[in-house]
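Participant: Data file protein.csv (CSV, C-alpha atoms) is appended below.
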chain,number,residue,atom,x,y,z
A,1,MET,CA,-99.2,66.5,27.9
A,2,ASP,CA,-98.7,62.8,27.0
A,3,LYS,CA,-95.9,61.9,24.5
A,4,GLU,CA,-98.1,61.0,21.6
A,5,LYS,CA,-100.0,64.3,21.9
A,6,ALA,CA,-96.7,66.1,22.1
A,7,ALA,CA,-95.4,64.4,19.0
A,8,TYR,CA,-98.6,65.3,17.2
A,9,TRP,CA,-98.3,69.0,18.0
A,10,TYR,CA,-94.5,69.1,17.3
A,11,LYS,CA,-95.3,67.6,13.8
A,12,LYS,CA,-97.9,70.3,13.2
A,13,ALA,CA,-95.3,72.9,14.1
A,14,ALA,CA,-92.6,71.2,12.0
A,15,ASP,CA,-95.0,71.0,9.0
A,16,ASN,CA,-95.5,74.8,9.4
A,17,GLY,CA,-91.7,75.3,9.1
A,18,GLU,CA,-91.1,76.0,12.8
A,19,SER,CA,-87.5,75.1,13.6
A,20,ARG,CA,-88.1,74.4,17.3
A,21,GLY,CA,-91.0,72.1,16.4
A,22,MET,CA,-88.6,70.2,13.9
A,23,ASN,CA,-86.0,69.9,16.6
A,24,ASN,CA,-88.4,68.7,19.3
A,25,LEU,CA,-90.0,66.2,16.9
A,26,GLY,CA,-86.5,65.0,16.0
A,27,GLU,CA,-85.8,64.4,19.7
A,28,MET,CA,-88.9,62.3,20.0
A,29,TYR,CA,-87.9,60.2,17.0
A,30,ARG,CA,-84.4,59.7,18.4
A,31,THR,CA,-85.6,58.7,21.8
A,32,GLY,CA,-88.8,56.8,20.9
A,33,GLN,CA,-91.1,59.1,22.9
A,34,GLY,CA,-94.6,59.1,21.4
A,35,VAL,CA,-93.3,57.6,18.1
A,36,GLU,CA,-91.2,54.7,17.0
A,37,ILE,CA,-87.4,55.3,17.1
A,38,ASN,CA,-86.2,56.5,13.7
A,39,TYR,CA,-82.7,57.9,13.7
A,40,GLU,CA,-82.8,58.8,10.0
A,41,GLU,CA,-85.9,60.9,10.4
A,42,ALA,CA,-84.5,62.6,13.5
A,43,PHE,CA,-81.4,63.6,11.7
A,44,ARG,CA,-83.4,64.9,8.7
A,45,LEU,CA,-85.5,67.1,11.1
A,46,TYR,CA,-82.4,68.4,12.8
A,47,GLN,CA,-80.9,69.3,9.5
A,48,GLU,CA,-84.0,71.3,8.5
A,49,ALA,CA,-84.1,73.1,11.8
A,50,ALA,CA,-80.4,73.9,11.7
A,51,LYS,CA,-81.0,75.9,8.5
A,52,ASP,CA,-82.6,78.5,10.8
A,53,LYS,CA,-79.5,78.4,13.1
A,54,ASP,CA,-81.5,76.5,15.8
A,55,ASN,CA,-78.7,75.9,18.3
A,56,CYS,CA,-80.4,72.8,19.8
A,57,ALA,CA,-80.8,71.2,16.4
A,58,ILE,CA,-77.1,71.9,15.5
A,59,TYR,CA,-76.0,70.4,18.8
A,60,ASN,CA,-78.2,67.3,18.2
A,61,MET,CA,-76.7,66.9,14.8
A,62,GLY,CA,-73.3,66.8,16.6
A,63,GLU,CA,-74.6,63.9,18.8
A,64,CYS,CA,-75.9,62.1,15.8
A,65,TYR,CA,-72.5,62.4,14.1
A,66,GLU,CA,-70.6,61.3,17.2
A,67,HIS,CA,-72.8,58.2,17.8
A,68,GLY,CA,-73.6,57.3,14.3
A,69,GLN,CA,-77.4,57.8,14.7
A,70,GLY,CA,-79.1,58.3,11.4
A,71,VAL,CA,-75.9,59.2,9.7
A,72,GLU,CA,-72.4,57.7,9.4
A,73,LYS,CA,-70.3,58.3,12.4
A,74,ASN,CA,-68.0,61.3,11.8
A,75,MET,CA,-66.1,62.8,14.8
A,76,GLU,CA,-64.8,65.7,12.7
A,77,LYS,CA,-68.4,66.7,11.8
A,78,ALA,CA,-69.5,66.2,15.4
A,79,LEU,CA,-66.8,68.6,16.6
A,80,GLU,CA,-67.8,71.1,13.9
A,81,MET,CA,-71.5,71.0,15.0
A,82,TYR,CA,-70.6,71.2,18.7
A,83,ARG,CA,-68.4,74.3,18.0
A,84,GLN,CA,-71.1,76.0,16.0
A,85,ALA,CA,-73.8,75.3,18.6
A,86,ALA,CA,-71.5,76.5,21.4
A,87,GLU,CA,-70.8,79.7,19.6
A,88,LEU,CA,-74.6,80.2,19.4
A,89,GLY,CA,-74.7,79.8,23.2
A,90,ASP,CA,-75.9,76.2,23.5
A,91,SER,CA,-75.0,75.0,27.0
A,92,SER,CA,-75.0,71.3,26.0
A,93,ALA,CA,-72.6,72.1,23.2
A,94,CYS,CA,-70.3,73.9,25.6
A,95,CYS,CA,-70.3,70.7,27.7
A,96,ALA,CA,-69.4,68.6,24.6
A,97,MET,CA,-66.6,71.0,23.8
A,98,GLY,CA,-65.2,70.6,27.3
A,99,ARG,CA,-65.4,66.8,27.0
A,100,PHE,CA,-63.4,66.9,23.7
A,101,CYS,CA,-60.8,69.1,25.4
A,102,GLU,CA,-60.6,66.9,28.5
A,103,TYR,CA,-60.1,63.6,26.6
A,104,GLY,CA,-58.1,65.1,23.7
A,105,ILE,CA,-60.6,64.2,21.0
A,106,LEU,CA,-59.3,65.6,17.7
A,107,MET,CA,-57.1,68.1,19.8
A,108,GLU,CA,-54.5,68.2,22.5
A,109,ILE,CA,-55.7,67.5,26.0
A,110,ASP,CA,-56.3,70.8,27.7
A,111,MET,CA,-57.9,70.6,31.2
A,112,ASN,CA,-57.9,74.4,31.6
A,113,LYS,CA,-59.9,74.8,28.4
A,114,ALA,CA,-62.1,71.9,29.4
A,115,VAL,CA,-62.9,73.7,32.7
A,116,GLU,CA,-63.7,76.9,30.8
A,117,TRP,CA,-66.1,75.1,28.5
A,118,TYR,CA,-67.8,73.2,31.4
A,119,THR,CA,-68.2,76.5,33.3
A,120,LYS,CA,-69.9,78.1,30.3
A,121,GLY,CA,-72.3,75.2,30.1
A,122,ALA,CA,-72.9,75.2,33.8
A,123,ASP,CA,-73.4,79.0,34.2
A,124,SER,CA,-75.6,79.3,31.1
A,125,LYS,CA,-79.2,80.5,31.6
A,126,ASN,CA,-80.3,77.1,30.5
A,127,LYS,CA,-77.8,75.2,32.7
A,128,ASP,CA,-76.5,71.9,31.4
A,129,GLU,CA,-76.6,69.3,34.2
A,130,GLU,CA,-73.9,67.2,32.5
A,131,ALA,CA,-71.6,70.2,32.5
A,132,LEU,CA,-72.3,70.8,36.2
A,133,TYR,CA,-71.4,67.2,37.1
A,134,ARG,CA,-68.3,67.1,34.9
A,135,LEU,CA,-67.1,70.5,36.3
A,136,ALA,CA,-67.8,69.1,39.8
A,137,LEU,CA,-65.5,66.2,39.2
A,138,CYS,CA,-62.8,68.6,38.0
A,139,TYR,CA,-63.1,70.4,41.3
A,140,ALA,CA,-63.2,67.2,43.3
A,141,GLU,CA,-60.0,65.9,41.7
A,142,GLY,CA,-58.3,69.2,41.2
A,143,LYS,CA,-58.0,68.8,37.4
A,144,GLY,CA,-57.7,72.1,35.5
A,145,VAL,CA,-58.7,74.0,38.7
A,146,ALA,CA,-57.7,74.1,42.3
A,147,GLN,CA,-59.1,71.2,44.3
A,148,ASP,CA,-62.2,72.2,46.2
A,149,GLU,CA,-64.6,69.5,47.4
A,150,GLU,CA,-67.1,71.9,48.8
A,151,LYS,CA,-67.3,73.7,45.4
A,152,ALA,CA,-67.9,70.2,43.8
A,153,ARG,CA,-70.7,69.5,46.3
A,154,GLU,CA,-72.3,72.9,45.5
A,155,LEU,CA,-72.2,72.1,41.7
A,156,CYS,CA,-73.8,68.7,42.3
A,157,ARG,CA,-76.6,70.4,44.3
A,158,ARG,CA,-77.2,72.9,41.5
A,159,ALA,CA,-77.4,70.0,39.0
A,160,TRP,CA,-80.0,68.0,40.8
A,161,PRO,CA,-83.6,68.8,39.6
A,162,GLU,CA,-85.8,70.7,41.9
A,163,ASN,CA,-89.1,69.1,40.8
A,164,GLU,CA,-90.5,66.2,38.8
A,165,SER,CA,-90.7,68.3,35.6
A,166,GLU,CA,-87.0,69.1,35.9
A,167,LYS,CA,-86.2,65.5,36.7
A,168,GLU,CA,-87.9,64.4,33.4
A,169,GLY,CA,-85.8,67.0,31.7
A,170,ILE,CA,-82.5,65.6,33.0
A,171,ARG,CA,-83.6,62.1,32.0
A,172,ASN,CA,-84.2,63.4,28.5
A,173,ASP,CA,-80.9,65.2,28.4
A,174,PHE,CA,-79.0,62.1,29.7
A,175,PHE,CA,-80.8,59.6,27.3
A,176,ASN,CA,-78.0,60.2,24.7
A,177,ALA,CA,-75.2,61.0,27.1
A,178,PRO,CA,-71.7,59.7,26.4
A,179,ASN,CA,-70.9,56.3,27.9
A,180,ASP,CA,-68.4,57.7,30.4
A,181,LEU,CA,-71.0,59.8,32.3
A,182,SER,CA,-71.8,56.9,34.6
A,183,GLN,CA,-68.1,56.7,35.6
A,184,VAL,CA,-68.1,60.5,36.2
A,185,LEU,CA,-71.1,60.2,38.5
A,186,SER,CA,-69.7,57.2,40.3
A,187,SER,CA,-66.3,58.9,40.8
A,188,LEU,CA,-68.1,61.9,42.3
A,189,LYS,CA,-69.9,59.7,44.8
A,190,GLU,CA,-66.6,58.1,45.9
A,191,LEU,CA,-64.8,61.4,46.3
A,192,LEU,CA,-67.5,63.6,48.0
A,193,HIS,CA,-68.7,61.3,50.8
A,194,ASP,CA,-72.1,63.0,50.9
A,195,GLU,CA,-75.1,60.8,51.7
A,196,VAL,CA,-77.7,62.9,49.9
A,197,ILE,CA,-75.6,63.7,46.9
A,198,GLY,CA,-74.6,60.0,46.7
A,199,ALA,CA,-78.2,58.8,46.6
A,200,GLN,CA,-78.9,61.3,43.8
A,201,LEU,CA,-75.9,60.2,41.8
A,202,ASP,CA,-76.9,56.5,42.3
A,203,GLU,CA,-80.3,57.3,40.9
A,204,LEU,CA,-78.8,58.8,37.8
A,205,VAL,CA,-76.4,56.0,37.3
A,206,GLU,CA,-79.3,53.5,37.5
A,207,TYR,CA,-81.2,55.5,34.9
A,208,LEU,CA,-78.2,55.6,32.6
A,209,LYS,CA,-78.2,51.8,32.6
A,210,THR,CA,-81.5,51.9,30.8
A,211,THR,CA,-80.3,54.1,28.0
A,212,PRO,CA,-78.8,52.9,24.7
A,213,VAL,CA,-75.1,52.1,24.6
A,214,LYS,CA,-73.4,54.7,22.4
A,215,LYS,CA,-71.0,53.7,19.6
Spit out the file's structure as structure tokens when you get a sec.
Facilitator:
Amino acid sequence: MDKEKAAYWYKKAADNGESRGMNNLGEMYRTGQGVEINYEEAFRLYQEAAKDKDNCAIYNMGECYEHGQGVEKNMEKALEMYRQAAELGDSSACCAMGRFCEYGILMEIDMNKAVEWYTKGADSKNKDEEALYRLALCYAEGKGVAQDEEKARELCRRAWPENESEKEGIRNDFFNAPNDLSQVLSSLKELLHDEVIGAQLDELVEYLKTTPVKK
């Protein structure tokens, strides 16, 4: 389905009060797929969907608060939203919680806890590719876990999409990824010395160059 048609049907669903339709339409407004970018409308839709405890919408509200998209930047609110979504089982929110633990954002640095959160995001039914790559770097560097380069390679292989549909999915997920993700991927390439994985990481780094710089 082309993006404009998708936006049309998501709007139909949103107008009928369906939370997932609201969230998906919000994503299109935030990324400019099928519609003009409108961060304020995206945030409004996420808020409406979040009233039904939609974990994806709550996570997306966290991203908006973290990057100041459609709402004033507020790291405390971002952490609150990520924690709520993670408690509802959202794999991307688990990854975000791991990142806050790793970098000590509004908390003490705790690599053991970061690894726990990344693992939850990576092992979720809806695996989070960013969590897989961040966890891979932890194994490659021996941060919060015993160093294991082969485990890091295995995680990178799990993260890489198996088909074009999944590849589009990872692009959508990485569109609003934090600015440090490029360095995470580049560090993995340097540490793992794997030609196939290195080419995959290069492709993702090149894609990230086309996405908006986050505040």
Participant: Please indicate the distance in Å from CA of Glu102 (chain A) to CA of Asn60 (chain A), rounded to one decimal place.
Facilitator: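 We find that CA of Glu102 (chain A) and CA of Asn60 (chain A) lie 20.4 Å from each other.
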Participant: Which is closest to Asn179 (chain A) among A:Glu203, A:His67, A:Cys138, A:Arg153, if we use only C-alpha atoms?
Facilitator: A:His67
Participant: Rank A:Lys151, A:His193, A:Lys12, A:Arg171 by their smallest atom-to-atom distance to Lys209 (chain A), using only C-alpha atoms, and report the top residue only.
Facilitator: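 Under the stated criterion, the closest residue is A:Arg171.
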Participant: Please work out which residues fall within 9 Å of (-73.9, 71.0, 18.1), coordinates as given in the file, with all atoms listed in the file counting, and return them as a ChimeraX atom specification.
Facilitator: /A:55-63,78-86,90,92-94,96
Participant: What is the distance, in Å and to one decimal place, between CA of Gly169 (chain A) and CA of Gln183 (chain A)?
Facilitator: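 The value is 20.8 Å.
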Participant: At what distance in Å, to one decimal, does CA of Gln147 (chain A) lie from CA of Trp117 (chain A)?
Facilitator: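 Those two atoms sit 17.7 Å apart.
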Participant: Can you list, as a ChimeraX atom specification, every protein, DNA or RNA residue that comes within 12 Å of Arg99 (chain A) when you count only C-alpha atoms, leaving out same-chain residues fewer than 3 positions away?
Facilitator: /A:79,82,92-96,102-119,121,130-131,133-135,138,177-181,184
Participant: With only C-alpha atoms as the atoms that count, which of A:Val205, A:Gln47, A:Gly70, A:Lys5 lies nearest to Tyr29 (chain A)?
Facilitator: A:Gly70
Participant: Near Glu27 (chain A), counting only C-alpha atoms, which residues have an atom at most 12 Å away, once you skip same-chain residues fewer than 6 positions from it, shown as a ChimeraX atom specification?
Facilitator: /A:3,6-7,10-11,20-21,33-46,49,56-57,59-61,63-64,69,172-173,175-176
Participant: Measuring atom to atom with all atoms listed in the file, identify which of A:Val71, A:Leu155, A:Ala140, A:Leu208 is nearest to Asp123 (chain A).
Facilitator: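 When distances to Asp123 (chain A) are compared using all atoms listed in the file, the smallest one comes from A:Leu155.
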Participant: Counting all atoms listed in the file, which residue out of A:Tyr207, A:Trp160, A:Tyr65, A:Trp9 sits closest to Lys127 (chain A)?
Facilitator: A:Trp160
Participant: Which one is closest to Leu191 (chain A): A:Asp2, A:Glu66, A:Asp148, A:Glu18? Count all atoms listed in the file.
Facilitator: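 Using all atoms listed in the file, Leu191 (chain A) sits closest to A:Asp148.
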